[in-house]
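J.: Dropping in start_38.cif, which is mmCIF, C-alpha atoms:
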data_run
#
loop_
_atom_site.group_PDB
_atom_site.id
_atom_site.type_symbol
_atom_site.label_atom_id
_atom_site.label_comp_id
_atom_site.auth_asym_id
_atom_site.auth_seq_id
_atom_site.Cartn_x
_atom_site.Cartn_y
_atom_site.Cartn_z
ATOM 1 C CA MET A 84 211.197 -10.921 57.194
ATOM 2 C CA LYS A 85 210.141 -8.011 59.402
ATOM 3 C CA LYS A 86 212.180 -5.541 57.334
ATOM 4 C CA ILE A 87 210.629 -6.810 54.090
ATOM 5 C CA PHE A 88 207.144 -6.599 55.598
ATOM 6 C CA GLU A 89 207.698 -3.055 56.866
ATOM 7 C CA LYS A 90 209.001 -1.949 53.473
ATOM 8 C CA TYR A 91 205.976 -3.318 51.623
ATOM 9 C CA GLU A 92 203.420 -3.127 54.447
ATOM 10 C CA THR A 93 200.725 -1.441 52.353
ATOM 11 C CA ILE A 94 200.967 -4.110 49.655
ATOM 12 C CA PHE A 95 200.883 -6.887 52.267
ATOM 13 C CA CYS A 96 197.751 -5.447 53.894
ATOM 14 C CA LEU A 97 195.905 -5.015 50.604
ATOM 15 C CA LEU A 98 196.889 -8.528 49.554
ATOM 16 C CA LEU A 99 195.625 -9.972 52.847
ATOM 17 C CA ILE A 100 192.259 -8.289 52.415
ATOM 18 C CA ALA A 101 191.968 -9.318 48.752
ATOM 19 C CA ILE A 102 192.982 -12.926 49.420
ATOM 20 C CA TYR A 103 190.609 -13.195 52.378
ATOM 21 C CA ILE A 104 187.639 -11.861 50.376
ATOM 22 C CA LEU A 105 188.329 -14.073 47.367
ATOM 23 C CA VAL A 106 188.928 -17.194 49.461
ATOM 24 C CA ASN A 107 185.724 -16.747 51.432
ATOM 25 C CA MET A 108 183.660 -15.945 48.358
ATOM 26 C CA PHE A 109 184.879 -19.230 46.906
ATOM 27 C CA CYS A 110 184.100 -21.138 50.116
ATOM 28 C CA ILE A 111 180.622 -19.676 50.549
ATOM 29 C CA GLN A 112 179.656 -20.143 46.910
ATOM 30 C CA ASN A 113 180.954 -23.711 46.747
ATOM 31 C CA PHE A 114 180.620 -25.062 50.288
ATOM 32 C CA GLY A 115 178.577 -22.621 52.379
ATOM 33 C CA THR A 116 179.291 -21.638 55.981
ATOM 34 C CA THR A 117 178.161 -24.946 57.460
ATOM 35 C CA ASP A 118 180.605 -27.196 55.628
ATOM 36 C CA TYR A 119 183.790 -28.671 57.098
ATOM 37 C CA ARG A 120 185.783 -27.603 54.028
ATOM 38 C CA SER A 121 185.125 -23.934 54.773
ATOM 39 C CA VAL A 122 186.266 -24.585 58.349
ATOM 40 C CA ILE A 123 189.516 -26.134 57.142
ATOM 41 C CA VAL A 124 190.276 -23.266 54.749
ATOM 42 C CA ASN A 125 189.599 -20.545 57.330
ATOM 43 C CA THR A 126 191.475 -22.412 60.056
ATOM 44 C CA ILE A 127 194.546 -22.505 57.798
ATOM 45 C CA PHE A 128 194.101 -18.773 57.158
ATOM 46 C CA SER A 129 193.846 -18.075 60.906
ATOM 47 C CA LEU A 130 196.947 -20.118 61.689
ATOM 48 C CA GLY A 131 198.778 -18.335 58.880
ATOM 49 C CA LEU A 132 197.950 -14.954 60.407
ATOM 50 C CA ILE A 133 199.103 -16.117 63.853
ATOM 51 C CA CYS A 134 202.385 -17.416 62.412
ATOM 52 C CA LEU A 135 202.892 -14.132 60.544
ATOM 53 C CA MET A 136 202.325 -12.041 63.677
ATOM 54 C CA ILE A 137 204.705 -14.251 65.647
ATOM 55 C CA ALA A 138 207.347 -14.025 62.925
ATOM 56 C CA LEU A 139 206.989 -10.240 62.933
ATOM 57 C CA LYS A 140 207.011 -10.215 66.761
ATOM 58 C CA ARG A 141 203.844 -8.135 66.653
ATOM 59 C CA LEU A 142 201.234 -10.094 68.606
ATOM 60 C CA GLU A 143 200.736 -7.317 71.170
ATOM 61 C CA TYR A 144 201.194 -4.624 68.554
ATOM 62 C CA TYR A 145 198.196 -6.006 66.659
ATOM 63 C CA GLY A 146 196.118 -6.317 69.818
ATOM 64 C CA ILE A 147 196.602 -9.922 70.908
ATOM 65 C CA ARG A 148 196.966 -8.928 74.537
ATOM 66 C CA LYS A 149 195.034 -8.260 77.743
ATOM 67 C CA PRO A 150 192.896 -5.087 77.522
ATOM 68 C CA ILE A 151 193.747 -2.033 79.608
ATOM 69 C CA ASN A 152 191.283 0.498 81.044
ATOM 70 C CA LEU A 153 188.726 -2.198 81.861
ATOM 71 C CA LYS A 154 186.741 0.023 84.213
ATOM 72 C CA LYS A 155 186.668 2.974 81.836
ATOM 73 C CA ASN A 156 185.596 0.608 79.056
ATOM 74 C CA LEU A 157 182.682 -0.382 81.346
ATOM 75 C CA TYR A 158 184.229 -3.858 81.325
ATOM 76 C CA PHE A 159 182.917 -4.112 77.733
ATOM 77 C CA ILE A 160 179.464 -5.070 79.091
ATOM 78 C CA PRO A 161 177.718 -2.854 76.466
ATOM 79 C CA LEU A 162 179.087 -5.209 73.806
ATOM 80 C CA LEU A 163 176.541 -7.798 74.971
ATOM 81 C CA VAL A 164 173.817 -5.724 73.294
ATOM 82 C CA ILE A 165 175.573 -6.240 69.983
ATOM 83 C CA ALA A 166 176.843 -9.770 70.570
ATOM 84 C CA PHE A 167 173.402 -11.338 71.035
ATOM 85 C CA VAL A 168 171.512 -9.323 68.423
ATOM 86 C CA ASN A 169 170.723 -12.446 66.400
ATOM 87 C CA LEU A 170 168.714 -13.891 69.291
ATOM 88 C CA TRP A 171 166.362 -10.922 69.653
ATOM 89 C CA GLY A 172 163.732 -12.678 67.572
ATOM 90 C CA GLY A 173 164.052 -15.973 69.436
ATOM 91 C CA ILE A 174 165.897 -19.109 68.428
ATOM 92 C CA ASN A 175 165.237 -20.850 65.142
ATOM 93 C CA VAL A 176 166.911 -24.238 64.654
ATOM 94 C CA ASN A 177 166.693 -25.425 61.054
ATOM 95 C CA ASN A 178 170.127 -26.980 60.739
ATOM 96 C CA SER A 179 171.591 -30.294 61.789
ATOM 97 C CA LYS A 180 173.950 -30.516 64.765
ATOM 98 C CA SER A 181 176.948 -31.021 62.508
ATOM 99 C CA GLU A 182 176.030 -27.964 60.413
ATOM 100 C CA ILE A 183 175.677 -25.842 63.546
ATOM 101 C CA VAL A 184 179.066 -27.015 64.832
ATOM 102 C CA PHE A 185 180.805 -26.348 61.504
ATOM 103 C CA HIS A 186 179.107 -22.946 61.226
ATOM 104 C CA ILE A 187 180.321 -21.922 64.692
ATOM 105 C CA LEU A 188 183.860 -23.182 64.017
ATOM 106 C CA ASN A 189 183.861 -21.292 60.737
ATOM 107 C CA MET A 190 182.639 -18.101 62.405
ATOM 108 C CA ILE A 191 185.282 -18.367 65.126
ATOM 109 C CA ASN A 192 187.895 -18.218 62.384
ATOM 110 C CA ILE A 193 186.160 -15.471 60.416
ATOM 111 C CA GLY A 194 185.690 -13.278 63.494
ATOM 112 C CA PHE A 195 189.361 -13.638 64.348
ATOM 113 C CA ILE A 196 190.589 -13.106 60.785
ATOM 114 C CA GLU A 197 188.509 -10.003 60.128
ATOM 115 C CA GLU A 198 189.483 -8.333 63.382
ATOM 116 C CA VAL A 199 193.175 -9.035 62.840
ATOM 117 C CA ILE A 200 193.062 -7.764 59.258
ATOM 118 C CA PHE A 201 190.856 -4.685 59.644
ATOM 119 C CA ARG A 202 191.547 -3.652 63.246
ATOM 120 C CA GLY A 203 195.079 -5.004 63.345
ATOM 121 C CA PHE A 204 197.009 -4.834 60.096
ATOM 122 C CA LEU A 205 195.047 -2.165 58.200
ATOM 123 C CA TYR A 206 194.435 0.203 61.109
ATOM 124 C CA LYS A 207 197.950 0.007 62.551
ATOM 125 C CA MET A 208 199.499 0.523 59.141
ATOM 126 C CA MET A 209 197.521 3.701 58.463
ATOM 127 C CA ALA A 210 197.622 5.037 62.035
ATOM 128 C CA LYS A 211 201.350 5.651 61.677
ATOM 129 C CA ASP A 212 200.570 8.563 59.343
ATOM 130 C CA ASN A 213 197.098 9.679 60.440
ATOM 131 C CA GLU A 214 195.156 8.009 63.241
ATOM 132 C CA LYS A 215 191.827 9.673 62.427
ATOM 133 C CA VAL A 216 192.008 8.641 58.790
ATOM 134 C CA ALA A 217 192.982 5.126 59.872
ATOM 135 C CA ILE A 218 189.880 4.873 62.065
ATOM 136 C CA ILE A 219 187.607 6.033 59.240
ATOM 137 C CA VAL A 220 189.169 3.800 56.582
ATOM 138 C CA SER A 221 189.185 0.733 58.847
ATOM 139 C CA SER A 222 185.496 1.248 59.649
ATOM 140 C CA ILE A 223 184.299 1.963 56.120
ATOM 141 C CA THR A 224 186.285 -0.767 54.379
ATOM 142 C CA PHE A 225 184.997 -3.294 56.910
ATOM 143 C CA GLY A 226 181.420 -2.253 56.189
ATOM 144 C CA ILE A 227 181.770 -2.033 52.425
ATOM 145 C CA GLY A 228 183.444 -5.445 52.412
ATOM 146 C CA HIS A 229 180.048 -6.961 53.239
ATOM 147 C CA VAL A 230 178.864 -6.059 49.738
ATOM 148 C CA VAL A 231 180.310 -9.418 48.664
ATOM 149 C CA ASN A 232 177.244 -11.003 50.278
ATOM 150 C CA LEU A 233 175.271 -9.822 47.262
ATOM 151 C CA PHE A 234 177.446 -12.013 45.063
ATOM 152 C CA ASN A 235 176.824 -14.880 47.472
ATOM 153 C CA GLY A 236 173.050 -14.699 46.995
ATOM 154 C CA ALA A 237 171.984 -12.283 49.765
ATOM 155 C CA GLU A 238 169.072 -9.864 49.208
ATOM 156 C CA LEU A 239 169.764 -6.184 48.487
ATOM 157 C CA ILE A 240 168.009 -4.399 51.406
ATOM 158 C CA PRO A 241 169.292 -6.721 54.184
ATOM 159 C CA THR A 242 172.794 -6.442 52.710
ATOM 160 C CA LEU A 243 172.676 -2.628 52.627
ATOM 161 C CA LEU A 244 171.478 -2.584 56.238
ATOM 162 C CA GLN A 245 174.242 -5.009 57.164
ATOM 163 C CA MET A 246 176.813 -2.775 55.474
ATOM 164 C CA CYS A 247 175.625 0.284 57.399
ATOM 165 C CA SER A 248 175.647 -1.513 60.746
ATOM 166 C CA ALA A 249 179.029 -3.096 59.938
ATOM 167 C CA ILE A 250 180.497 0.380 59.424
ATOM 168 C CA THR A 251 179.286 1.596 62.824
ATOM 169 C CA ILE A 252 180.312 -1.634 64.566
ATOM 170 C CA GLY A 253 183.665 -1.424 62.810
ATOM 171 C CA TYR A 254 184.019 2.131 64.094
ATOM 172 C CA LEU A 255 183.270 1.007 67.652
ATOM 173 C CA PHE A 256 185.711 -1.890 67.394
ATOM 174 C CA VAL A 257 188.563 0.283 66.206
ATOM 175 C CA ILE A 258 187.870 2.771 69.017
ATOM 176 C CA ILE A 259 187.930 -0.115 71.504
ATOM 177 C CA PHE A 260 191.259 -1.260 70.072
ATOM 178 C CA ASN A 261 192.574 2.279 70.224
ATOM 179 C CA LYS A 262 191.541 2.775 73.863
ATOM 180 C CA SER A 263 192.128 -0.712 75.298
ATOM 181 C CA LYS A 264 195.097 -1.689 73.065
ATOM 182 C CA SER A 265 193.428 -5.091 72.580
ATOM 183 C CA ILE A 266 191.289 -6.614 69.847
ATOM 184 C CA ILE A 267 190.238 -9.523 72.075
ATOM 185 C CA PRO A 268 186.881 -7.940 73.100
ATOM 186 C CA CYS A 269 186.204 -7.187 69.438
ATOM 187 C CA VAL A 270 187.096 -10.728 68.361
ATOM 188 C CA VAL A 271 184.817 -12.296 70.996
ATOM 189 C CA THR A 272 181.892 -10.004 70.103
ATOM 190 C CA HIS A 273 182.429 -10.557 66.383
ATOM 191 C CA ILE A 274 182.468 -14.319 66.858
ATOM 192 C CA LEU A 275 179.238 -14.258 68.884
ATOM 193 C CA ILE A 276 177.424 -12.113 66.306
ATOM 194 C CA ASN A 277 178.433 -14.382 63.438
ATOM 195 C CA SER A 278 178.015 -17.690 65.270
ATOM 196 C CA LEU A 279 174.515 -16.916 66.559
ATOM 197 C CA SER A 280 173.344 -15.843 63.095
ATOM 198 C CA ILE A 281 172.504 -19.481 62.374
ATOM 199 C CA PHE A 282 169.719 -19.218 64.971
ATOM 200 C CA ASN A 283 168.321 -15.967 63.558
ATOM 201 C CA ASN A 284 164.510 -15.806 63.610
ATOM 202 C CA TYR A 285 163.933 -12.274 62.309
ATOM 203 C CA ASN A 286 160.875 -10.873 60.577
ATOM 204 C CA ASN A 287 161.063 -7.704 58.459
ATOM 205 C CA LEU A 288 160.106 -5.365 61.311
ATOM 206 C CA LEU A 289 162.700 -6.796 63.670
ATOM 207 C CA LEU A 290 165.307 -6.593 60.923
ATOM 208 C CA TYR A 291 164.793 -2.832 60.624
ATOM 209 C CA ILE A 292 164.667 -2.314 64.395
ATOM 210 C CA SER A 293 167.842 -4.317 65.037
ATOM 211 C CA SER A 294 169.618 -2.558 62.163
ATOM 212 C CA LEU A 295 168.712 0.822 63.660
ATOM 213 C CA VAL A 296 170.015 -0.257 67.070
ATOM 214 C CA LEU A 297 173.225 -1.588 65.502
ATOM 215 C CA ILE A 298 173.765 1.740 63.777
ATOM 216 C CA VAL A 299 172.999 4.037 66.736
ATOM 217 C CA PHE A 300 174.258 2.045 69.739
ATOM 218 C CA PRO A 301 177.876 1.421 68.566
ATOM 219 C CA ILE A 302 178.287 5.122 67.759
ATOM 220 C CA ALA A 303 176.988 6.101 71.196
ATOM 221 C CA TYR A 304 179.335 3.675 72.962
ATOM 222 C CA ALA A 305 182.270 4.754 70.787
ATOM 223 C CA ILE A 306 181.636 8.421 71.580
ATOM 224 C CA TYR A 307 181.492 7.586 75.289
ATOM 225 C CA LEU A 308 184.859 5.807 75.083
ATOM 226 C CA SER A 309 186.422 8.622 73.077
ATOM 227 C CA VAL A 310 185.304 11.227 75.616
ATOM 228 C CA THR A 311 186.095 9.342 78.821
ATOM 229 C CA ILE A 312 189.373 7.586 77.981
ATOM 230 C CA LYS A 313 192.464 9.607 77.269
ATOM 231 C CA ASP A 314 194.977 8.142 74.857
ATOM 232 C CA GLU A 315 197.543 5.944 76.543
ATOM 233 C CA LYS A 316 201.155 5.738 75.451
ATOM 234 C CA LYS A 317 201.222 3.785 72.226
ATOM 235 C CA ILE A 318 202.764 0.343 72.159
ATOM 236 C CA GLU A 319 206.079 0.399 70.410
ATOM 237 C CA GLU A 320 206.762 -2.047 67.635
#
Hey, can you dump this file as structure tokens for me?
T.:
Amino acid sequence: MKKIFEKYETIFCLLLIAIYILVNMFCIQNFGTTDYRSVIVNTIFSLGLICLMIALKRLEYYGIRKPINLKKNLYFIPLLVIAFVNLWGGINVNNSKSEIVFHILNMINIGFIEEVIFRGFLYKMMAKDNEKVAIIVSSITFGIGHVVNLFNGAELIPTLLQMCSAITIGYLFVIIFNKSKSIIPCVVTHILINSLSIFNNYNNLLLYISSLVLIVFPIAYAIYLSVTIKDEKKIEE
């Protein structure tokens, strides 16, 4: 299986992204993020990715491992600024307990899936030929992928702001993966951002302020990591 995957790795990666986008568009449009059916679908997707990585013997290769350079990464404490962004306006509880639980379970899966696909499969595939291009493509495709929210009923301006911040956060995440060899910090942060969105209590002003912070801060942290951490020996397949 590994030989087949390596031969058609580009096709596999593109198919994973396409299937993930289509599946989640279907779930959101028909069930929403707070429905148990969305949880079931994304849990199956997550387990499928785990089984695939195990079959390929690439868990560590795709970043499912303990991070290195903890001190130089500032122990990832700066990620807390990003992780709790949805609580900056306070806590707004408009959903039932079951909806909150299903939303969080769904976001746990989505955070894991997106990091594995964009920071794992896509980045590692492209980094073999050109690491800089891989970083750019991984970041931009992750951000642009949020355009599907428009088809799910989201407003234009908030979606454009989300796309811009997703690009910069995606850039930071891929730098973290590159320097720490782990996507675990990225997965945890991603899950917190998405899970806490159900408590979002933003007004228009706070939306613009938080978007600006989410555009500037990840770039600043990523630059710091790029300057202070020298590349370690790459993990062999």
J.: When distances are computed from all atoms listed in the file, which of A:Thr117, A:Phe88, A:Phe225, A:Thr311 shows the smallest separation from A:Ser181?
T.: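 Looking at the shortest contact to A:Ser181, the residue is A:Thr117.
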J.: Evaluate the PyMOL selection byres ((chain A and resi 216-222) around 12) against this structure - the residues, as number ranges by chain, please.
T.: A: 96, 100, 197-215, 223-229, 246-261, 301-302, 305
J.: Compile the contact shell of A:Ser265 as a PyMOL selection string: residues with an atom at most 8 Å away, counting all atoms listed in the file, same-chain residues fewer than 2 positions apart removed.
T.: chain A and resi 143+145-151+259-261+263+267-268
J.: Please write as a PyMOL selection string the full residue list that the PyMOL selection byres ((chain A and resi 106) around 12) yields on this file.
T.: chain A and resi 98-105+107-114+120-125+127-128+193+231
J.: Using only C-alpha atoms, can you tell me which of A:Asn169, A:Tyr158, A:Asn178, A:Ile94 comes closest to A:Leu275?
T.: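 So, comparing all the options, the nearest one is A:Asn169.
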J.: Give as a list in words the residues that the PyMOL selection byres ((chain A and resi 273) around 9) matches when applied to the coordinates above.
T.: Ile165, Ala166, Met190, Ile191, Ile193, Gly194, Phe195, Glu197, Glu198, Pro268, Cys269, Val270, Val271, Thr272, Ile274, Leu275, Ile276, Asn277 and Ser278 of chain A
J.: Which distance in Å separates atom CA of A:Pro161 and atom CA of A:Leu295, to one decimal?
T.: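 Between these atoms lies a distance of 16.1 Å.
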J.: Please, what distance in Å, to one decimal, runs between atom CA of A:Leu142 and atom CA of A:Lys313?
T.: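 Those two atoms sit 23.2 Å apart.
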J.: To one decimal place in Å, what is the distance between atom CA of A:Met84 and atom CA of A:Leu130?
T.: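 Going from atom CA of A:Met84 over to atom CA of A:Leu130 covers 17.5 Å.
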J.: Pick the closest to A:Ala138 from A:Val164, A:Glu92, A:Ser293, A:Lys85: which is it, counting only C-alpha atoms?
T.: A:Lys85
J.: Here is a test: counting all atoms listed in the file, which residue of A:Asn175, A:Ser280, A:Asn156, A:Asn189 is nearest to A:Tyr119?
T.: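 Comparing A:Asn175, A:Ser280, A:Asn156, A:Asn189 against A:Tyr119, the winner is A:Asn189.
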J.: Here is a test: counting all atoms listed in the file, which residue of A:Ser129, A:Tyr304, A:Val310, A:Ile266 is nearest to A:Leu163?
T.: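 Nearest to A:Leu163: A:Tyr304.
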J.: Kindly indicate which residue among A:Lys262, A:Leu239, A:Asn284, A:Ile174 lies nearest to A:Lys154, using only C-alpha atoms for the distances.
T.: A:Lys262
J.: Env of A:Val176: 10 Å cut, atoms = all atoms listed in the file, seq-sep filter 2 positions within chain, self excluded. Answer as number ranges by chain.
T.: A: 173-174, 178-180, 183, 281-284
